[in-house]
Each structure stands twice: as C-alpha cells, then as structure tokens.
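What follows is a single structure, written as structure tokens, with notes after it.
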Amino acid sequence: MNAQDVAHYLQSNPDFFEAHAELLAGIQLTSPHSHRAVSLQERQMEILREKNKGLELRLADLMRFGHENDRTQQRLHTWLVRLLGETDPHALPYAVIDGLRDIFEVPAVSLRLWSAAEAYHHLEVAREVSEDVRVFAGGLRTPYCGANAGFEAVQWLEQDDIQSVAMVALRTPQSVGAEPGATFGLLIMGSPDPRRFHEGMGTVYLAQLGDLASAALNRLRT
C-alpha cells in the first residue's frame with residue numbers, strides 16, 4: 001500500500017479517526033515558519049491564521065479602493081457643479097482647465113478646440129492645431145495614459161518637466177448606445193511624476209471627465 005492508497009482509504013472512511021482519535025494527537029508536522037515539529041492542531045491554526053491575514057489584507061485593499069473611488073466621485077461632482085455654474089461661454093474652457101488643476105490637483109492641464117464658432121476664435125483654446133493632432137485625437141477611443149513620448153500636444157502645457165500624460169478626445173455628445181460623435185477637441189493633463197498617469201491605471205473616470213467636458217464645451221462649436 002502506497003501513500004496514495006492510504007489517502008484514498010482515509011477519504012473513503014472518515015470514521016476511521018473517530019475510532020482512533022488518539023492518532024490525531026500524535027501526528028507531528030513540520031511548520032514552514034519555525035521549521036520545527038508541531039502538532040496537527042497547531043499546523044491547522046497556522047493555516048487559518050495565514051488565511052485570515054490574507055483576507056484582512058484584501059479587505060484593507062477593498063476599503064482603500066472604496067475610499068479612493070468616493071473621493072474621486074466627490075471631486076467629479078464638485079467639478080461638474082463648477083461647469084454648470086459657469087454662465088459665460090468664453091470662460092467655460094478655463095473652468096474646465098482650472099477645475100482639473102484645483103479640484104483634481106493635476107499639475108498641468110490644457111485643451112484645444114477646432115471648429116469653434118467665430119465668436120471664440122480669439123480664445124487661446126481655439127488656436128489652430130495640426131492635422132496630426134486631429135488624426136491622433138480622432139483615433140482615441142479610450143483615454144491615453146502613459147509616458148510623455150514627445151507628443152505634439154504636450155507643448156500646450158508649456159512645461160519642460162512633463163513625464164506622464166493623460167489625453168482625452170472631446171467628442172460631440174451622442175445618445176446612449178450610439179456610436180461616438182465627431183471629435184472636436186483634445187484635453188491633455190500632465191505631471192512631472194512618471195507614475196501619475198501610468199499605462200496600467202484605470203480610465204473609467206478619465207472617460208467620464210471627457211464626456212462631461214465635451215458636453216459643456218459643445219456649445220462653443222459652430
């Protein structure tokens with residue numbers, strides 16, 4: 001009889017240890033922590049403690065993520081209230097930019113709008129942009145997050161130390177479930193911290209920022 005046969009027999013006869021309970025008390029196992037012989041009961045307690053520690057760490061992570069999401073949601077609400085409260089269309093692009101700087105604490109923010117109405121051509125955000133930028137923005141189905149790879153739009157931030165960026169296309173608002181609307185601008189955020197906007201970060205809130213900014217700035221279009 002080999003070890004597998006013994007294991008199979010014990011699984012098939014769970015009442016074995018009821019008839020031979022004294023065997024359980026005499027079983028000795030090697031602890032992976034102290035590397036000493038411990039009883040079966042002690043080893044089981046160690047396993048339970050390890051599982052509890054893992055669950056506690058996971059719970060702590062979930063609570064941290066929950067707090068971070070709550071904080072982000074509150075910032076999003078505050079920013080949206082600022083946009084809705086801005087009655088001057090000429091000041092609206094700067095409400096978007098300043099709100100992201102102040103509320104979300106983004107070090108550098110800028111945006112450009114093309115096809116803006118003539119009444120807003122004097123605004124800095126309505127400056128002419130290259131065809132390359134328009135094509136790039138049109139291809140952004142999801143926000144870009146990552147290293148500053150020398151993107152042309154980074155020049156709008158007017159800072160030489162930008163290490164990471166997030167770029168969000170601005171599109172005409174569409175009904176729920178419809179295809180994305182036409183691209184009419186690009187929102188860019190940058191930071192000297194290379195981890196502020198990294199490749200692995202989630203883009204759900206960034207996409208929501210883009211949707212809200214697009215809806216607000218759509219009124220400046222022709």
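Here's how to read the names in the structure tokens: chain A, B, ... by the order shown, residue numbers from 1 in each chain, ligand numbers from 1 in the order shown.
Within the 12 Å cut-off around A:Asp102, using only C-alpha atoms and omitting residues fewer than 4 positions from it on the same chain, the listed residues are Arg75, Leu76, Thr78, Trp79, Arg82, Tyr94, Ala95, Val96, Ile97, Asp98, Val106, Pro107, Ala108 and Val109 of chain A.
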Could those residues be written to a file, using N, CA and C atoms, as a CSV table (one decimal), in the first residue's frame?
chain,number,residue,atom,x,y,z
A,75,ARG,N,-15.0,64.7,-6.1
A,75,ARG,CA,-14.3,65.7,-6.9
A,75,ARG,C,-15.0,65.8,-8.3
A,76,LEU,N,-15.4,64.7,-8.9
A,76,LEU,CA,-16.1,64.8,-10.1
A,76,LEU,C,-17.4,65.6,-10.0
A,78,THR,N,-18.0,68.0,-7.7
A,78,THR,CA,-17.6,69.4,-7.5
A,78,THR,C,-17.2,70.1,-8.8
A,79,TRP,N,-16.5,69.4,-9.6
A,79,TRP,CA,-16.1,69.9,-10.9
A,79,TRP,C,-17.2,70.1,-11.8
A,82,ARG,N,-19.2,73.2,-10.9
A,82,ARG,CA,-18.5,74.4,-11.4
A,82,ARG,C,-18.8,74.7,-12.9
A,94,TYR,N,-11.8,77.6,-19.5
A,94,TYR,CA,-10.9,77.8,-18.4
A,94,TYR,C,-11.5,77.3,-17.1
A,95,ALA,N,-12.9,77.2,-17.0
A,95,ALA,CA,-13.5,76.5,-15.9
A,95,ALA,C,-13.1,75.0,-15.9
A,96,VAL,N,-13.1,74.5,-17.1
A,96,VAL,CA,-12.7,73.1,-17.3
A,96,VAL,C,-11.2,72.9,-16.8
A,97,ILE,N,-10.3,73.7,-17.4
A,97,ILE,CA,-8.9,73.6,-17.1
A,97,ILE,C,-8.6,73.9,-15.6
A,98,ASP,N,-9.1,75.0,-15.1
A,98,ASP,CA,-8.8,75.4,-13.7
A,98,ASP,C,-9.4,74.4,-12.7
A,106,VAL,N,-4.2,68.3,-10.7
A,106,VAL,CA,-3.4,68.0,-11.8
A,106,VAL,C,-2.4,69.1,-12.0
A,107,PRO,N,-1.1,68.8,-12.1
A,107,PRO,CA,-0.2,69.9,-12.2
A,107,PRO,C,-0.3,70.8,-13.5
A,108,ALA,N,-0.6,70.1,-14.6
A,108,ALA,CA,-0.6,70.9,-15.9
A,108,ALA,C,-1.8,70.4,-16.7
A,109,VAL,N,-2.6,71.3,-17.2
A,109,VAL,CA,-3.8,71.0,-18.0
A,109,VAL,C,-3.9,72.0,-19.1
Can you pull out every residue within 8 Å of stretch 140-142 of chain A, counting only C-alpha atoms, but drop anything in the same chain fewer than 6 positions away, and send it as a short mmCIF file (atom, residue, chain, number, x, y, z; two decimals) with C-alpha atoms, in the first residue's frame?
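Okay, selection33.cif is ready:
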data_model
loop_
_atom_site.label_atom_id
_atom_site.label_comp_id
_atom_site.auth_asym_id
_atom_site.auth_seq_id
_atom_site.Cartn_x
_atom_site.Cartn_y
_atom_site.Cartn_z
CA VAL A 168 -8.84 62.53 -23.72
CA ALA A 169 -10.62 63.22 -27.00
CA THR A 203 -9.56 55.09 -17.45
CA ALA A 207 -13.58 58.85 -19.87
#
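You can rank A:Ala91, A:Val165, A:Ile188, A:Val135 by their closest distance to A:Leu111 using only C-alpha atoms, and at the top of that list sits A:Ile188.
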Please report, as a PyMOL selection string, each residue of stretch 8-221 of chain A to which DSSP assigns strand (DSSP E) when run on this structure's backbone.
chain A and resi 28-30+37-39+108-113+144-147+164-171+183-191
Mind writing the picked residues with N, CA, C and O atoms as a compact mmCIF listing (two decimals), in the first residue's frame?
# COMPACT_ATOMS: atom_id res chain seq x y z
N GLN A 28 2.71 14.61 14.03
CA GLN A 28 3.62 15.76 14.07
C GLN A 28 3.92 16.19 12.64
O GLN A 28 4.22 15.37 11.77
N LEU A 29 3.83 17.52 12.40
CA LEU A 29 4.13 18.11 11.10
C LEU A 29 5.22 19.16 11.25
O LEU A 29 5.42 19.71 12.33
N THR A 30 5.92 19.45 10.16
CA THR A 30 6.95 20.49 10.19
C THR A 30 6.35 21.82 9.81
O THR A 30 5.75 21.96 8.73
N ALA A 37 8.85 20.72 14.56
CA ALA A 37 7.72 19.81 14.56
C ALA A 37 6.60 20.38 15.42
O ALA A 37 6.82 20.81 16.56
N VAL A 38 5.38 20.41 14.85
CA VAL A 38 4.21 20.89 15.59
C VAL A 38 3.10 19.85 15.44
O VAL A 38 3.12 19.01 14.53
N SER A 39 2.13 19.96 16.31
CA SER A 39 1.01 19.04 16.23
C SER A 39 0.10 19.41 15.08
O SER A 39 0.18 20.50 14.51
N ALA A 108 -0.57 70.13 -14.60
CA ALA A 108 -0.62 70.87 -15.86
C ALA A 108 -1.80 70.38 -16.69
O ALA A 108 -1.97 69.18 -16.88
N VAL A 109 -2.60 71.33 -17.18
CA VAL A 109 -3.80 70.99 -17.96
C VAL A 109 -3.93 71.98 -19.11
O VAL A 109 -3.66 73.17 -18.96
N SER A 110 -4.34 71.47 -20.27
CA SER A 110 -4.63 72.35 -21.40
C SER A 110 -5.61 71.63 -22.32
O SER A 110 -5.85 70.42 -22.18
N LEU A 111 -6.16 72.37 -23.25
CA LEU A 111 -7.05 71.76 -24.25
C LEU A 111 -7.07 72.64 -25.49
O LEU A 111 -6.72 73.81 -25.45
N ARG A 112 -7.49 72.03 -26.58
CA ARG A 112 -7.68 72.75 -27.83
C ARG A 112 -9.01 72.33 -28.44
O ARG A 112 -9.42 71.17 -28.33
N LEU A 113 -9.66 73.30 -29.06
CA LEU A 113 -10.92 73.06 -29.75
C LEU A 113 -10.76 73.45 -31.20
O LEU A 113 -10.22 74.52 -31.50
N TYR A 144 -5.78 58.07 -23.37
CA TYR A 144 -4.40 57.60 -23.33
C TYR A 144 -3.79 57.95 -22.00
O TYR A 144 -3.88 59.10 -21.54
N CYS A 145 -3.14 56.99 -21.35
CA CYS A 145 -2.39 57.23 -20.12
C CYS A 145 -1.02 56.60 -20.28
O CYS A 145 -0.90 55.43 -20.67
N GLY A 146 0.02 57.36 -19.97
CA GLY A 146 1.35 56.77 -20.07
C GLY A 146 2.42 57.83 -20.12
O GLY A 146 2.20 59.00 -19.81
N ALA A 147 3.60 57.39 -20.52
CA ALA A 147 4.77 58.26 -20.56
C ALA A 147 4.62 59.32 -21.65
O ALA A 147 3.94 59.12 -22.66
N SER A 164 4.60 62.21 -17.46
CA SER A 164 3.46 61.35 -17.78
C SER A 164 2.27 62.21 -18.18
O SER A 164 2.12 63.33 -17.68
N VAL A 165 1.44 61.67 -19.05
CA VAL A 165 0.31 62.44 -19.56
C VAL A 165 -0.94 61.57 -19.67
O VAL A 165 -0.87 60.35 -19.76
N ALA A 166 -2.07 62.25 -19.64
CA ALA A 166 -3.36 61.63 -19.96
C ALA A 166 -4.01 62.51 -21.02
O ALA A 166 -4.07 63.74 -20.86
N MET A 167 -4.47 61.90 -22.09
CA MET A 167 -5.09 62.65 -23.17
C MET A 167 -6.47 62.06 -23.47
O MET A 167 -6.62 60.84 -23.60
N VAL A 168 -7.45 62.94 -23.54
CA VAL A 168 -8.84 62.53 -23.72
C VAL A 168 -9.43 63.29 -24.90
O VAL A 168 -9.38 64.52 -24.92
N ALA A 169 -9.99 62.58 -25.86
CA ALA A 169 -10.62 63.22 -27.00
C ALA A 169 -11.95 63.84 -26.58
O ALA A 169 -12.69 63.27 -25.76
N LEU A 170 -12.25 65.00 -27.13
CA LEU A 170 -13.53 65.67 -26.90
C LEU A 170 -14.41 65.43 -28.12
O LEU A 170 -14.02 65.72 -29.25
N ARG A 171 -15.61 64.87 -27.88
CA ARG A 171 -16.49 64.49 -28.97
C ARG A 171 -17.89 65.06 -28.76
O ARG A 171 -18.31 65.28 -27.63
N THR A 183 -15.03 64.11 -33.36
CA THR A 183 -14.02 64.70 -32.47
C THR A 183 -13.86 66.18 -32.79
O THR A 183 -13.67 66.55 -33.94
N PHE A 184 -13.94 67.01 -31.76
CA PHE A 184 -13.78 68.45 -31.99
C PHE A 184 -12.75 69.08 -31.06
O PHE A 184 -12.58 70.30 -31.05
N GLY A 185 -12.01 68.26 -30.31
CA GLY A 185 -11.01 68.82 -29.42
C GLY A 185 -10.22 67.74 -28.70
O GLY A 185 -10.48 66.55 -28.85
N LEU A 186 -9.24 68.19 -27.94
CA LEU A 186 -8.39 67.28 -27.18
C LEU A 186 -8.05 67.91 -25.84
O LEU A 186 -7.61 69.06 -25.78
N LEU A 187 -8.28 67.15 -24.78
CA LEU A 187 -7.94 67.56 -23.42
C LEU A 187 -6.68 66.82 -23.01
O LEU A 187 -6.60 65.59 -23.15
N ILE A 188 -5.68 67.53 -22.49
CA ILE A 188 -4.44 66.90 -22.09
C ILE A 188 -4.09 67.31 -20.67
O ILE A 188 -4.22 68.48 -20.29
N MET A 189 -3.66 66.34 -19.87
CA MET A 189 -3.21 66.56 -18.50
C MET A 189 -1.82 65.97 -18.35
O MET A 189 -1.55 64.88 -18.87
N GLY A 190 -0.96 66.67 -17.64
CA GLY A 190 0.42 66.19 -17.50
C GLY A 190 0.95 66.38 -16.10
O GLY A 190 0.42 67.16 -15.30
N SER A 191 2.02 65.64 -15.80
CA SER A 191 2.62 65.70 -14.47
C SER A 191 4.12 65.39 -14.57
O SER A 191 4.53 64.57 -15.39
